[in-house]
>>> print(open('start-v3.csv').read())   # CSV, C-alpha atoms
chain,number,residue,atom,x,y,z
A,245,MET,CA,-49.1,7.5,4.5
A,246,LYS,CA,-47.7,7.5,0.9
A,247,ASP,CA,-46.4,3.9,1.3
A,248,LEU,CA,-49.9,2.4,1.3
A,249,LEU,CA,-50.1,-0.4,-1.3
A,250,CYS,CA,-53.1,-0.9,-3.4
A,251,LEU,CA,-53.8,-4.2,-5.2
A,252,GLY,CA,-55.7,-3.7,-8.4
A,253,VAL,CA,-57.6,-6.6,-10.0
A,254,GLU,CA,-59.0,-6.6,-13.5
A,255,THR,CA,-61.2,-9.3,-15.2
A,256,SER,CA,-63.7,-7.5,-17.3
A,257,CYS,CA,-63.1,-9.3,-20.5
A,258,ASP,CA,-60.3,-11.6,-21.7
A,259,GLU,CA,-57.3,-10.4,-19.7
A,260,THR,CA,-56.6,-11.6,-16.1
A,261,ALA,CA,-54.6,-8.8,-14.6
A,262,ALA,CA,-53.2,-7.7,-11.2
A,263,ALA,CA,-51.0,-4.8,-10.2
A,264,VAL,CA,-49.5,-3.3,-7.0
A,265,LEU,CA,-49.4,0.5,-6.9
A,266,ARG,CA,-48.0,2.5,-4.1
A,267,GLN,CA,-49.9,5.5,-2.9
A,268,ASP,CA,-47.2,7.9,-4.1
A,269,GLY,CA,-47.9,6.7,-7.7
A,270,HIS,CA,-45.0,4.3,-8.0
A,271,LEU,CA,-46.0,1.1,-9.9
A,272,LEU,CA,-44.3,-1.8,-8.2
A,273,GLY,CA,-45.7,-4.8,-10.1
A,274,SER,CA,-48.1,-5.4,-13.0
A,275,VAL,CA,-49.1,-8.7,-14.6
A,276,VAL,CA,-51.5,-9.3,-17.5
A,277,ALA,CA,-52.4,-12.8,-18.6
A,278,SER,CA,-53.9,-12.6,-22.1
A,279,GLN,CA,-56.4,-15.1,-23.5
A,280,ILE,CA,-55.9,-14.2,-27.2
A,281,ASP,CA,-54.8,-17.7,-28.0
A,282,LEU,CA,-58.1,-19.1,-26.6
A,283,HIS,CA,-60.4,-16.8,-28.5
A,284,GLU,CA,-58.5,-16.4,-31.8
A,285,ALA,CA,-60.3,-19.4,-33.4
A,286,PHE,CA,-63.7,-17.8,-32.7
A,287,GLY,CA,-62.7,-14.3,-34.1
A,288,GLY,CA,-63.7,-12.7,-30.8
A,289,VAL,CA,-64.2,-13.3,-27.1
A,290,VAL,CA,-66.4,-16.2,-25.9
A,291,PRO,CA,-67.8,-15.1,-22.5
A,292,GLU,CA,-68.0,-18.6,-20.9
A,293,VAL,CA,-64.4,-19.5,-22.0
A,294,ALA,CA,-63.1,-16.2,-20.6
A,295,ALA,CA,-64.7,-16.7,-17.2
A,296,ARG,CA,-63.3,-20.2,-16.8
A,297,ARG,CA,-59.8,-19.0,-17.7
A,298,HIS,CA,-60.1,-16.2,-15.2
A,299,LEU,CA,-60.9,-18.7,-12.5
A,300,GLU,CA,-57.7,-20.7,-13.4
A,301,ARG,CA,-55.4,-17.7,-13.5
A,302,ILE,CA,-56.4,-15.1,-11.0
A,303,GLY,CA,-54.6,-16.6,-8.1
A,304,PRO,CA,-51.3,-17.1,-9.9
A,305,VAL,CA,-51.5,-13.7,-11.5
A,306,VAL,CA,-51.9,-11.9,-8.2
A,307,ARG,CA,-49.0,-13.9,-6.7
A,308,GLU,CA,-46.8,-12.9,-9.6
A,309,ALA,CA,-47.7,-9.2,-9.3
A,310,LEU,CA,-46.9,-9.4,-5.5
A,311,GLU,CA,-43.6,-11.1,-6.3
A,312,GLN,CA,-42.7,-8.3,-8.8
A,313,ALA,CA,-43.5,-5.7,-6.1
A,314,GLY,CA,-41.5,-7.5,-3.4
A,315,ALA,CA,-44.6,-7.6,-1.3
A,316,ASP,CA,-46.7,-10.2,0.5
A,317,TYR,CA,-50.5,-10.5,1.0
A,318,GLY,CA,-50.2,-8.8,4.4
A,319,ASP,CA,-48.6,-5.7,2.9
A,320,ILE,CA,-51.7,-4.8,0.9
A,321,GLY,CA,-53.8,-1.9,2.5
A,322,LEU,CA,-56.4,-1.4,-0.2
A,323,VAL,CA,-58.0,-3.5,-2.9
A,324,ALA,CA,-59.4,-2.0,-6.1
A,325,VAL,CA,-61.4,-4.2,-8.5
A,326,THR,CA,-63.3,-3.7,-11.8
A,327,ARG,CA,-67.0,-3.9,-11.1
A,328,GLY,CA,-68.1,-3.0,-14.6
A,329,PRO,CA,-68.8,-2.6,-17.4
A,330,GLY,CA,-67.8,-5.9,-19.0
A,331,LEU,CA,-68.8,-9.6,-19.3
A,332,ALA,CA,-70.9,-10.7,-16.4
A,333,GLY,CA,-69.2,-14.0,-15.7
A,334,ALA,CA,-65.7,-12.5,-16.1
A,335,LEU,CA,-66.5,-9.6,-13.8
A,336,MET,CA,-67.9,-11.9,-11.1
A,337,VAL,CA,-64.6,-13.9,-10.9
A,338,GLY,CA,-62.5,-10.8,-10.2
A,339,LEU,CA,-65.1,-9.2,-7.9
A,340,SER,CA,-65.6,-12.4,-5.8
A,341,TRP,CA,-61.8,-12.9,-5.4
A,342,ALA,CA,-61.2,-9.2,-4.4
A,343,LYS,CA,-64.1,-9.3,-1.9
A,344,ALA,CA,-62.8,-12.4,-0.3
A,345,PHE,CA,-59.3,-11.1,-0.1
A,346,ALA,CA,-60.3,-7.7,1.3
A,347,PHE,CA,-62.7,-9.2,3.8
A,348,ALA,CA,-60.1,-11.8,5.0
A,349,ARG,CA,-57.4,-9.1,5.3
A,350,HIS,CA,-59.7,-6.4,6.9
A,351,VAL,CA,-58.7,-3.8,4.2
A,352,PRO,CA,-61.0,-1.4,2.3
A,353,LEU,CA,-62.5,-2.4,-1.0
A,354,ILE,CA,-63.1,-0.1,-4.0
A,355,GLY,CA,-65.2,-1.0,-7.0
A,356,VAL,CA,-63.9,0.7,-10.1
A,357,ASN,CA,-65.5,1.7,-13.4
A,358,HIS,CA,-63.4,0.0,-16.2
A,359,VAL,CA,-63.9,2.7,-18.8
A,360,VAL,CA,-63.1,5.6,-16.5
A,361,ALA,CA,-60.1,3.6,-15.3
A,362,HIS,CA,-58.8,3.6,-18.9
A,363,ALA,CA,-58.7,7.4,-18.8
A,364,HIS,CA,-56.9,7.3,-15.5
A,365,ALA,CA,-54.2,5.1,-17.0
A,366,ALA,CA,-52.9,8.3,-18.4
A,367,TYR,CA,-52.2,9.5,-14.8
A,368,LEU,CA,-49.8,6.6,-14.2
A,369,GLU,CA,-47.1,8.9,-15.7
A,370,ALA,CA,-48.7,12.3,-15.7
A,371,GLU,CA,-50.6,14.6,-13.3
A,372,PRO,CA,-54.3,15.3,-13.6
A,373,SER,CA,-55.2,18.7,-14.9
A,374,TYR,CA,-59.0,19.0,-14.3
A,375,PRO,CA,-61.0,19.3,-16.3
A,376,ASP,CA,-59.5,16.8,-18.7
A,377,LEU,CA,-61.2,15.5,-21.8
A,378,ALA,CA,-60.8,11.8,-22.4
A,379,LEU,CA,-61.4,9.8,-25.5
A,380,VAL,CA,-61.6,6.1,-24.5
A,381,ALA,CA,-61.7,3.8,-27.5
A,382,SER,CA,-61.6,0.0,-27.0
A,383,GLY,CA,-63.1,-3.2,-28.2
A,384,GLY,CA,-66.3,-2.6,-26.2
A,385,HIS,CA,-66.5,1.2,-25.8
A,386,THR,CA,-66.0,4.5,-27.5
A,387,ASP,CA,-66.7,7.3,-25.1
A,388,LEU,CA,-65.9,11.0,-24.7
A,389,LEU,CA,-65.6,11.7,-21.0
A,390,LEU,CA,-65.1,15.0,-19.2
A,391,LEU,CA,-63.1,14.3,-16.0
A,392,GLU,CA,-64.2,17.2,-13.9
A,393,GLY,CA,-62.5,16.1,-10.7
A,394,PRO,CA,-61.0,13.1,-9.0
A,395,THR,CA,-64.4,11.3,-8.8
A,396,LYS,CA,-66.6,13.5,-11.0
A,397,VAL,CA,-67.1,12.2,-14.6
A,398,ARG,CA,-69.5,13.5,-17.2
A,399,VAL,CA,-70.3,11.5,-20.4
A,400,LEU,CA,-70.3,13.8,-23.4
A,401,GLY,CA,-70.7,11.2,-26.2
A,402,ARG,CA,-70.6,7.4,-26.8
A,403,SER,CA,-71.0,5.0,-29.7
A,404,ARG,CA,-74.6,4.3,-30.6
A,405,ASP,CA,-73.7,0.9,-32.1
A,406,ASP,CA,-70.3,-0.8,-32.6
A,407,ALA,CA,-67.3,0.4,-30.6
A,408,ALA,CA,-64.3,1.5,-32.6
A,409,GLY,CA,-62.2,-1.5,-31.5
A,410,GLU,CA,-65.0,-4.0,-32.3
A,411,SER,CA,-65.2,-2.5,-35.8
A,412,PHE,CA,-61.5,-2.9,-36.3
A,413,ASP,CA,-61.9,-6.6,-35.3
A,414,LYS,CA,-64.8,-7.2,-37.7
A,415,VAL,CA,-63.2,-5.4,-40.6
A,416,ALA,CA,-60.0,-7.3,-40.1
A,417,ARG,CA,-61.9,-10.6,-40.1
A,418,SER,CA,-63.5,-9.7,-43.4
A,419,LEU,CA,-60.0,-9.0,-44.8
A,420,GLY,CA,-58.7,-12.3,-43.6
A,421,LEU,CA,-56.4,-10.8,-41.1
A,422,GLY,CA,-57.4,-12.7,-38.0
A,423,TYR,CA,-57.9,-11.6,-34.4
A,424,PRO,CA,-57.2,-9.1,-32.8
A,425,GLY,CA,-57.9,-6.8,-35.7
A,426,GLY,CA,-56.4,-3.5,-34.7
A,427,PRO,CA,-52.7,-4.3,-34.9
A,428,ALA,CA,-53.3,-6.3,-38.1
A,429,ILE,CA,-55.1,-3.5,-39.9
A,430,GLU,CA,-52.4,-1.0,-38.8
A,431,ARG,CA,-49.7,-3.3,-40.1
A,432,ILE,CA,-51.0,-3.6,-43.7
A,433,ALA,CA,-52.5,-0.1,-43.9
A,434,GLY,CA,-49.1,1.4,-44.4
A,435,GLY,CA,-48.9,-0.2,-47.8
A,436,GLY,CA,-52.3,0.9,-48.9
A,437,ASP,CA,-53.8,3.9,-50.6
A,438,PRO,CA,-57.1,5.2,-48.9
A,439,ALA,CA,-58.1,7.0,-52.2
A,440,ARG,CA,-58.6,3.6,-53.8
A,441,ALA,CA,-61.2,2.6,-51.3
A,442,PRO,CA,-63.8,5.3,-50.8
A,443,LEU,CA,-65.6,5.0,-47.5
A,444,PRO,CA,-68.4,7.2,-46.1
A,445,ARG,CA,-67.8,9.7,-43.3
A,446,VAL,CA,-70.4,9.5,-40.5
A,447,GLY,CA,-71.6,13.0,-39.8
A,448,MET,CA,-72.5,14.5,-36.4
A,449,PHE,CA,-75.8,13.6,-34.8
A,450,GLN,CA,-77.8,16.7,-34.3
A,451,GLY,CA,-77.1,18.1,-30.8
A,452,SER,CA,-74.9,15.1,-29.9
A,453,LEU,CA,-71.2,14.1,-29.8
A,454,ASP,CA,-72.1,10.4,-30.2
A,455,PHE,CA,-70.2,8.0,-32.5
A,456,SER,CA,-71.4,5.4,-35.0
A,457,PHE,CA,-69.1,2.8,-36.6
A,458,SER,CA,-71.6,0.1,-37.8
A,459,GLY,CA,-72.2,1.7,-41.2
A,460,LEU,CA,-68.5,2.3,-41.7
A,461,LYS,CA,-67.7,-1.3,-40.9
A,462,THR,CA,-70.4,-2.6,-43.3
A,463,ALA,CA,-69.1,-0.3,-46.1
A,464,ALA,CA,-65.5,-1.6,-45.6
A,465,GLN,CA,-66.7,-5.2,-45.7
A,466,ALA,CA,-68.7,-4.5,-48.9
A,467,LEU,CA,-65.6,-3.1,-50.6
A,468,ARG,CA,-63.8,-6.4,-49.8
A,469,ARG,CA,-66.6,-8.3,-51.4
A,470,GLN,CA,-66.1,-6.1,-54.5
A,471,GLY,CA,-62.5,-7.3,-54.7
A,472,LEU,CA,-60.6,-4.2,-53.5
A,473,ALA,CA,-57.2,-4.8,-52.1
A,474,PRO,CA,-57.1,-5.4,-48.3
A,475,GLU,CA,-54.3,-2.9,-47.8
A,476,ASP,CA,-56.3,-0.1,-49.5
A,477,ILE,CA,-59.4,-0.9,-47.4
A,478,ALA,CA,-57.3,-1.0,-44.2
A,479,ALA,CA,-55.8,2.4,-45.0
A,480,ALA,CA,-59.2,3.9,-45.8
A,481,PHE,CA,-60.8,2.4,-42.8
A,482,GLN,CA,-58.2,3.8,-40.4
A,483,ALA,CA,-58.5,7.3,-42.0
A,484,ALA,CA,-62.3,7.2,-41.7
A,485,VAL,CA,-62.1,6.2,-38.0
A,486,PHE,CA,-59.7,9.0,-37.3
A,487,ASP,CA,-61.9,11.6,-39.0
A,488,GLN,CA,-64.9,10.6,-36.8
A,489,LEU,CA,-62.9,10.5,-33.6
A,490,TRP,CA,-61.2,13.8,-34.3
A,491,GLU,CA,-64.4,15.6,-35.4
A,492,ARG,CA,-66.2,14.8,-32.1
A,493,ALA,CA,-63.1,15.3,-29.9
A,494,ALA,CA,-62.3,18.7,-31.5
A,495,LEU,CA,-65.8,20.0,-30.9
A,496,ALA,CA,-65.8,18.7,-27.3
A,497,LEU,CA,-62.4,20.4,-26.7
A,498,ARG,CA,-63.8,23.7,-27.9
A,499,GLN,CA,-67.0,23.4,-25.9
A,500,THR,CA,-65.2,22.5,-22.7
A,501,GLY,CA,-62.1,24.7,-23.1
A,502,CYS,CA,-59.8,21.8,-22.2
A,503,SER,CA,-56.2,22.2,-23.2
A,504,ARG,CA,-55.4,18.6,-23.7
A,505,LEU,CA,-57.0,15.3,-24.9
A,506,ILE,CA,-56.4,12.0,-23.2
A,507,PHE,CA,-56.6,9.2,-25.7
A,508,ALA,CA,-56.9,5.8,-24.0
A,509,GLY,CA,-58.1,2.3,-24.4
A,510,GLY,CA,-56.9,-0.5,-26.7
A,511,VAL,CA,-57.4,1.5,-29.9
A,512,SER,CA,-55.0,4.2,-28.5
A,513,ALA,CA,-52.2,1.8,-29.2
A,514,ASN,CA,-52.7,2.5,-32.9
A,515,GLY,CA,-49.7,4.5,-34.0
A,516,TYR,CA,-51.4,6.0,-37.0
A,517,LEU,CA,-54.3,7.4,-34.8
A,518,ARG,CA,-51.9,8.7,-32.2
A,519,ARG,CA,-49.7,10.6,-34.8
A,520,ARG,CA,-52.7,12.2,-36.5
A,521,LEU,CA,-54.3,13.2,-33.2
A,522,ASP,CA,-51.1,14.7,-32.0
A,523,THR,CA,-50.7,16.7,-35.2
A,524,ALA,CA,-54.3,17.9,-35.2
A,525,LEU,CA,-54.1,19.0,-31.5
A,526,ARG,CA,-50.8,20.8,-32.0
A,527,ARG,CA,-52.4,22.9,-34.8
A,528,GLU,CA,-55.0,24.0,-32.2
A,529,GLY,CA,-52.4,24.8,-29.5
A,530,ARG,CA,-53.5,21.8,-27.5
A,531,SER,CA,-51.7,18.6,-26.4
A,532,LEU,CA,-52.2,14.8,-26.5
A,533,LEU,CA,-51.8,12.7,-23.4
A,534,VAL,CA,-51.7,8.9,-23.8
A,535,PRO,CA,-51.1,6.1,-21.3
A,536,PRO,CA,-47.9,4.2,-21.4
A,537,MET,CA,-48.1,1.8,-24.3
A,538,ASP,CA,-48.3,-1.4,-22.1
A,539,HIS,CA,-51.2,0.2,-20.3
A,540,THR,CA,-53.4,1.0,-23.2
A,541,THR,CA,-55.1,-2.4,-23.3
A,542,ASP,CA,-56.9,-3.9,-20.3
A,543,ASN,CA,-54.6,-3.9,-17.2
A,544,ALA,CA,-54.9,-3.7,-13.4
A,545,ALA,CA,-52.5,-0.7,-13.0
A,546,MET,CA,-55.2,1.6,-14.2
A,547,ILE,CA,-57.7,0.0,-11.8
A,548,ALA,CA,-55.4,0.6,-8.9
A,549,ARG,CA,-54.8,4.2,-10.0
A,550,LEU,CA,-58.5,5.1,-10.0
A,551,GLY,CA,-59.1,3.0,-6.9
A,552,LEU,CA,-56.5,5.0,-5.0
A,553,THR,CA,-57.9,8.3,-6.3
A,554,MET,CA,-61.4,7.3,-5.1
A,555,TYR,CA,-60.0,6.1,-1.7
A,556,GLU,CA,-58.2,9.4,-1.2
A,557,ALA,CA,-61.5,11.2,-1.9
A,558,GLY,CA,-63.1,9.3,1.0
A,559,LEU,CA,-65.0,6.7,-1.0
A,560,GLU,CA,-65.3,3.0,-0.1
A,561,SER,CA,-67.5,0.2,-1.6
A,562,ALA,CA,-70.0,-1.8,0.4
A,563,TRP,CA,-69.5,-5.6,0.8
A,564,ASP,CA,-72.7,-6.3,-1.1
A,565,MET,CA,-71.4,-4.5,-4.2
A,566,GLY,CA,-72.3,-6.5,-7.3
A,567,ALA,CA,-70.9,-6.8,-10.8
A,568,GLU,CA,-72.5,-4.3,-13.2
A,569,PRO,CA,-72.0,-5.5,-16.8
A,570,VAL,CA,-73.7,-2.3,-18.0
A,571,ILE,CA,-73.1,0.9,-15.9
A,572,HIS,CA,-75.4,3.6,-17.2
A,573,PRO,CA,-74.9,6.4,-16.5
A,574,PHE,CA,-71.3,6.1,-15.5
A,575,LYS,CA,-70.4,6.0,-11.9
A,576,PRO,CA,-66.8,6.9,-11.0
>>> encode(input="start-v3.csv", output="structure tokens")
Amino acid sequence: MKDLLCLGVETSCDETAAAVLRQDGHLLGSVVASQIDLHEAFGGVVPEVAARRHLERIGPVVREALEQAGADYGDIGLVAVTRGPGLAGALMVGLSWAKAFAFARHVPLIGVNHVVAHAHAAYLEAEPSYPDLALVASGGHTDLLLLEGPTKVRVLGRSRDDAAGESFDKVARSLGLGYPGGPAIERIAGGGDPARAPLPRVGMFQGSLDFSFSGLKTAAQALRRQGLAPEDIAAAFQAAVFDQLWERAALALRQTGCSRLIFAGGVSANGYLRRRLDTALRREGRSLLVPPMDHTTDNAAMIARLGLTMYEAGLESAWDMGAEPVIHPFKP
């Protein structure tokens, strides 16, 4: 039954997304409607604004994804939707729409963990090799996950304060670069010298693989107030973020014996971080696996991918499933 079509729906933050994925792994349609233009003036996402825009866009976005796939509503045999983590109002829009669709069409419903789905985005073009170690870095999360099986996930480490992507945004704002900050910092960092902007390295927490970016962010902002050049601060900040990500990931790889590292989430679109991780992994005889570039940020293809994996493992969500803005500990 490899021709079953899964409709993925994603509304956890500020992207309204829908995708149609065939059970054999072929992505037939994928649409992402961004809200960057709405939130740019605020320097970050405004939850109420995001939820209202999701309400306006979810129907048209689903229709466009179906059109890309050459499919109709009646062709969908499974619905996968983000249930959390994320913004409560935004999550409720996608979850309510998906429930109504699945109930009306009498098809199974799967609630998906957004962070775990980011890791599964790497499986859109590659096969799983359990156990796989995943480093998921985005605007809201920085997590080290051990994917032990199709639906078995263990959290090895997470940020104790700011996420890596959030720190990129806040440092970019202090440098006058606007929102979103990640691409802007990478763009100017190429012309900077990190040696001119000394930033601290956050050491390992005893007995923990957790991250911390708040102090690094504050130090970078302080250097700007001291008058250092934005490009030097950007270059130094990127280098410091890499050092912390790699230190934790390298130790986790050795502890777990995994042969490759999945680097996923919006921060994984950063070319500097990708190149440095790839070089470091090759030196250790390991490999780097990243999602397709257009599936690094929030998208529904990754939701459909994990949803199909869960469905094939015999899982199905109840109709009274609610949105879970904070899922702790992670559920698959």
>>> closest_atom_pairs(input="start-v3.csv", of="stretch 402-428 of chain A", to="stretch 504-517 of chain A", cutoff="9 Å", atoms="only C-alpha atoms", output="JSON lines")
{"residue": "A:Ala408", "atom": "CA", "partner": "A:Val511", "partner_atom": "CA", "distance": 7.4}
{"residue": "A:Gly409", "atom": "CA", "partner": "A:Val511", "partner_atom": "CA", "distance": 5.9}
{"residue": "A:Phe412", "atom": "CA", "partner": "A:Val511", "partner_atom": "CA", "distance": 8.8}
{"residue": "A:Gly426", "atom": "CA", "partner": "A:Val511", "partner_atom": "CA", "distance": 7.0}
{"residue": "A:Pro427", "atom": "CA", "partner": "A:Asn514", "partner_atom": "CA", "distance": 7.1}
>>> atom_distance(input="start-v3.csv", atom1="atom CA of A:Thr553", atom2="atom CA of A:Pro394")
6.3 Å
>>> closest_residue(input="start-v3.csv", among="A:Ala464, A:Ala294, A:Leu272, A:Ala428", to="A:Ala332", atoms="all atoms listed in the file")
A:Ala294
>>> residues_around(input="start-v3.csv", residues="A:Gln465", least_positions_apart="3", cutoff="10 Å", atoms="all atoms listed in the file", output="MDAnalysis selection string")
chainID A and resid 414:419 459:462 468:470 472 474 477
>>> closest_residue(input="start-v3.csv", among="A:Leu377, A:Glu430, A:Arg404, A:Met546", to="A:Val275", atoms="only C-alpha atoms")
A:Met546
>>> atom_distance(input="start-v3.csv", atom1="atom CA of A:Arg440", atom2="atom CA of A:Ala479")
9.3 Å
>>> residues_around(input="start-v3.csv", residues="A:Glu300", least_positions_apart="5", cutoff="12 Å", atoms="only C-alpha atoms", output="ChimeraX atom specification")
/A:260,277,279,293-295,305-306,334,337-338,341
>>> decode(input="start-v3.csv", residues="stretch 456-478 of chain A", atoms="N, CA and C atoms", output="PDB file, in the first residue's frame")
ATOM      1  N   SER A 456      23.941  26.429  26.469  1.00  0.00           N
ATOM      2  CA  SER A 456      23.560  27.728  27.020  1.00  0.00           C
ATOM      3  C   SER A 456      24.071  28.812  26.078  1.00  0.00           C
ATOM      4  N   PHE A 457      23.149  29.655  25.592  1.00  0.00           N
ATOM      5  CA  PHE A 457      23.533  30.710  24.655  1.00  0.00           C
ATOM      6  C   PHE A 457      23.266  32.116  25.191  1.00  0.00           C
ATOM      7  N   SER A 458      22.633  32.219  26.357  1.00  0.00           N
ATOM      8  CA  SER A 458      22.271  33.526  26.879  1.00  0.00           C
ATOM      9  C   SER A 458      23.505  34.384  27.174  1.00  0.00           C
ATOM     10  N   GLY A 459      24.492  33.804  27.842  1.00  0.00           N
ATOM     11  CA  GLY A 459      25.697  34.568  28.172  1.00  0.00           C
ATOM     12  C   GLY A 459      26.470  34.977  26.935  1.00  0.00           C
ATOM     13  N   LEU A 460      26.538  34.096  25.955  1.00  0.00           N
ATOM     14  CA  LEU A 460      27.226  34.404  24.696  1.00  0.00           C
ATOM     15  C   LEU A 460      26.522  35.547  23.977  1.00  0.00           C
ATOM     16  N   LYS A 461      25.203  35.502  23.952  1.00  0.00           N
ATOM     17  CA  LYS A 461      24.416  36.569  23.326  1.00  0.00           C
ATOM     18  C   LYS A 461      24.675  37.903  24.014  1.00  0.00           C
ATOM     19  N   THR A 462      24.662  37.903  25.346  1.00  0.00           N
ATOM     20  CA  THR A 462      24.866  39.135  26.100  1.00  0.00           C
ATOM     21  C   THR A 462      26.267  39.697  25.867  1.00  0.00           C
ATOM     22  N   ALA A 463      27.264  38.809  25.803  1.00  0.00           N
ATOM     23  CA  ALA A 463      28.636  39.255  25.564  1.00  0.00           C
ATOM     24  C   ALA A 463      28.780  39.889  24.183  1.00  0.00           C
ATOM     25  N   ALA A 464      28.123  39.296  23.176  1.00  0.00           N
ATOM     26  CA  ALA A 464      28.174  39.858  21.818  1.00  0.00           C
ATOM     27  C   ALA A 464      27.508  41.229  21.776  1.00  0.00           C
ATOM     28  N   GLN A 465      26.393  41.379  22.467  1.00  0.00           N
ATOM     29  CA  GLN A 465      25.714  42.670  22.511  1.00  0.00           C
ATOM     30  C   GLN A 465      26.575  43.716  23.214  1.00  0.00           C
ATOM     31  N   ALA A 466      27.307  43.297  24.251  1.00  0.00           N
ATOM     32  CA  ALA A 466      28.185  44.228  24.969  1.00  0.00           C
ATOM     33  C   ALA A 466      29.322  44.715  24.077  1.00  0.00           C
ATOM     34  N   LEU A 467      29.852  43.839  23.238  1.00  0.00           N
ATOM     35  CA  LEU A 467      30.929  44.246  22.324  1.00  0.00           C
ATOM     36  C   LEU A 467      30.434  45.302  21.341  1.00  0.00           C
ATOM     37  N   ARG A 468      29.194  45.186  20.919  1.00  0.00           N
ATOM     38  CA  ARG A 468      28.658  46.200  20.000  1.00  0.00           C
ATOM     39  C   ARG A 468      28.548  47.545  20.691  1.00  0.00           C
ATOM     40  N   ARG A 469      28.129  47.541  21.961  1.00  0.00           N
ATOM     41  CA  ARG A 469      28.028  48.804  22.700  1.00  0.00           C
ATOM     42  C   ARG A 469      29.400  49.434  22.895  1.00  0.00           C
ATOM     43  N   GLN A 470      30.443  48.581  22.865  1.00  0.00           N
ATOM     44  CA  GLN A 470      31.814  49.096  22.994  1.00  0.00           C
ATOM     45  C   GLN A 470      32.349  49.638  21.672  1.00  0.00           C
ATOM     46  N   GLY A 471      31.566  49.498  20.603  1.00  0.00           N
ATOM     47  CA  GLY A 471      31.947  50.075  19.329  1.00  0.00           C
ATOM     48  C   GLY A 471      32.663  49.147  18.372  1.00  0.00           C
ATOM     49  N   LEU A 472      32.744  47.859  18.677  1.00  0.00           N
ATOM     50  CA  LEU A 472      33.407  46.937  17.754  1.00  0.00           C
ATOM     51  C   LEU A 472      32.589  46.796  16.470  1.00  0.00           C
ATOM     52  N   ALA A 473      33.276  46.468  15.389  1.00  0.00           N
ATOM     53  CA  ALA A 473      32.633  46.372  14.081  1.00  0.00           C
ATOM     54  C   ALA A 473      31.632  45.219  14.043  1.00  0.00           C
ATOM     55  N   PRO A 474      30.455  45.439  13.454  1.00  0.00           N
ATOM     56  CA  PRO A 474      29.443  44.372  13.381  1.00  0.00           C
ATOM     57  C   PRO A 474      29.944  43.104  12.709  1.00  0.00           C
ATOM     58  N   GLU A 475      30.736  43.242  11.627  1.00  0.00           N
ATOM     59  CA  GLU A 475      31.190  42.052  10.922  1.00  0.00           C
ATOM     60  C   GLU A 475      32.142  41.210  11.776  1.00  0.00           C
ATOM     61  N   ASP A 476      32.954  41.868  12.616  1.00  0.00           N
ATOM     62  CA  ASP A 476      33.846  41.117  13.501  1.00  0.00           C
ATOM     63  C   ASP A 476      33.053  40.393  14.589  1.00  0.00           C
ATOM     64  N   ILE A 477      32.045  41.071  15.132  1.00  0.00           N
ATOM     65  CA  ILE A 477      31.205  40.445  16.158  1.00  0.00           C
ATOM     66  C   ILE A 477      30.448  39.263  15.552  1.00  0.00           C
ATOM     67  N   ALA A 478      29.919  39.446  14.348  1.00  0.00           N
ATOM     68  CA  ALA A 478      29.178  38.371  13.690  1.00  0.00           C
ATOM     69  C   ALA A 478      30.069  37.155  13.463  1.00  0.00           C
TER      70      ALA A 478
END
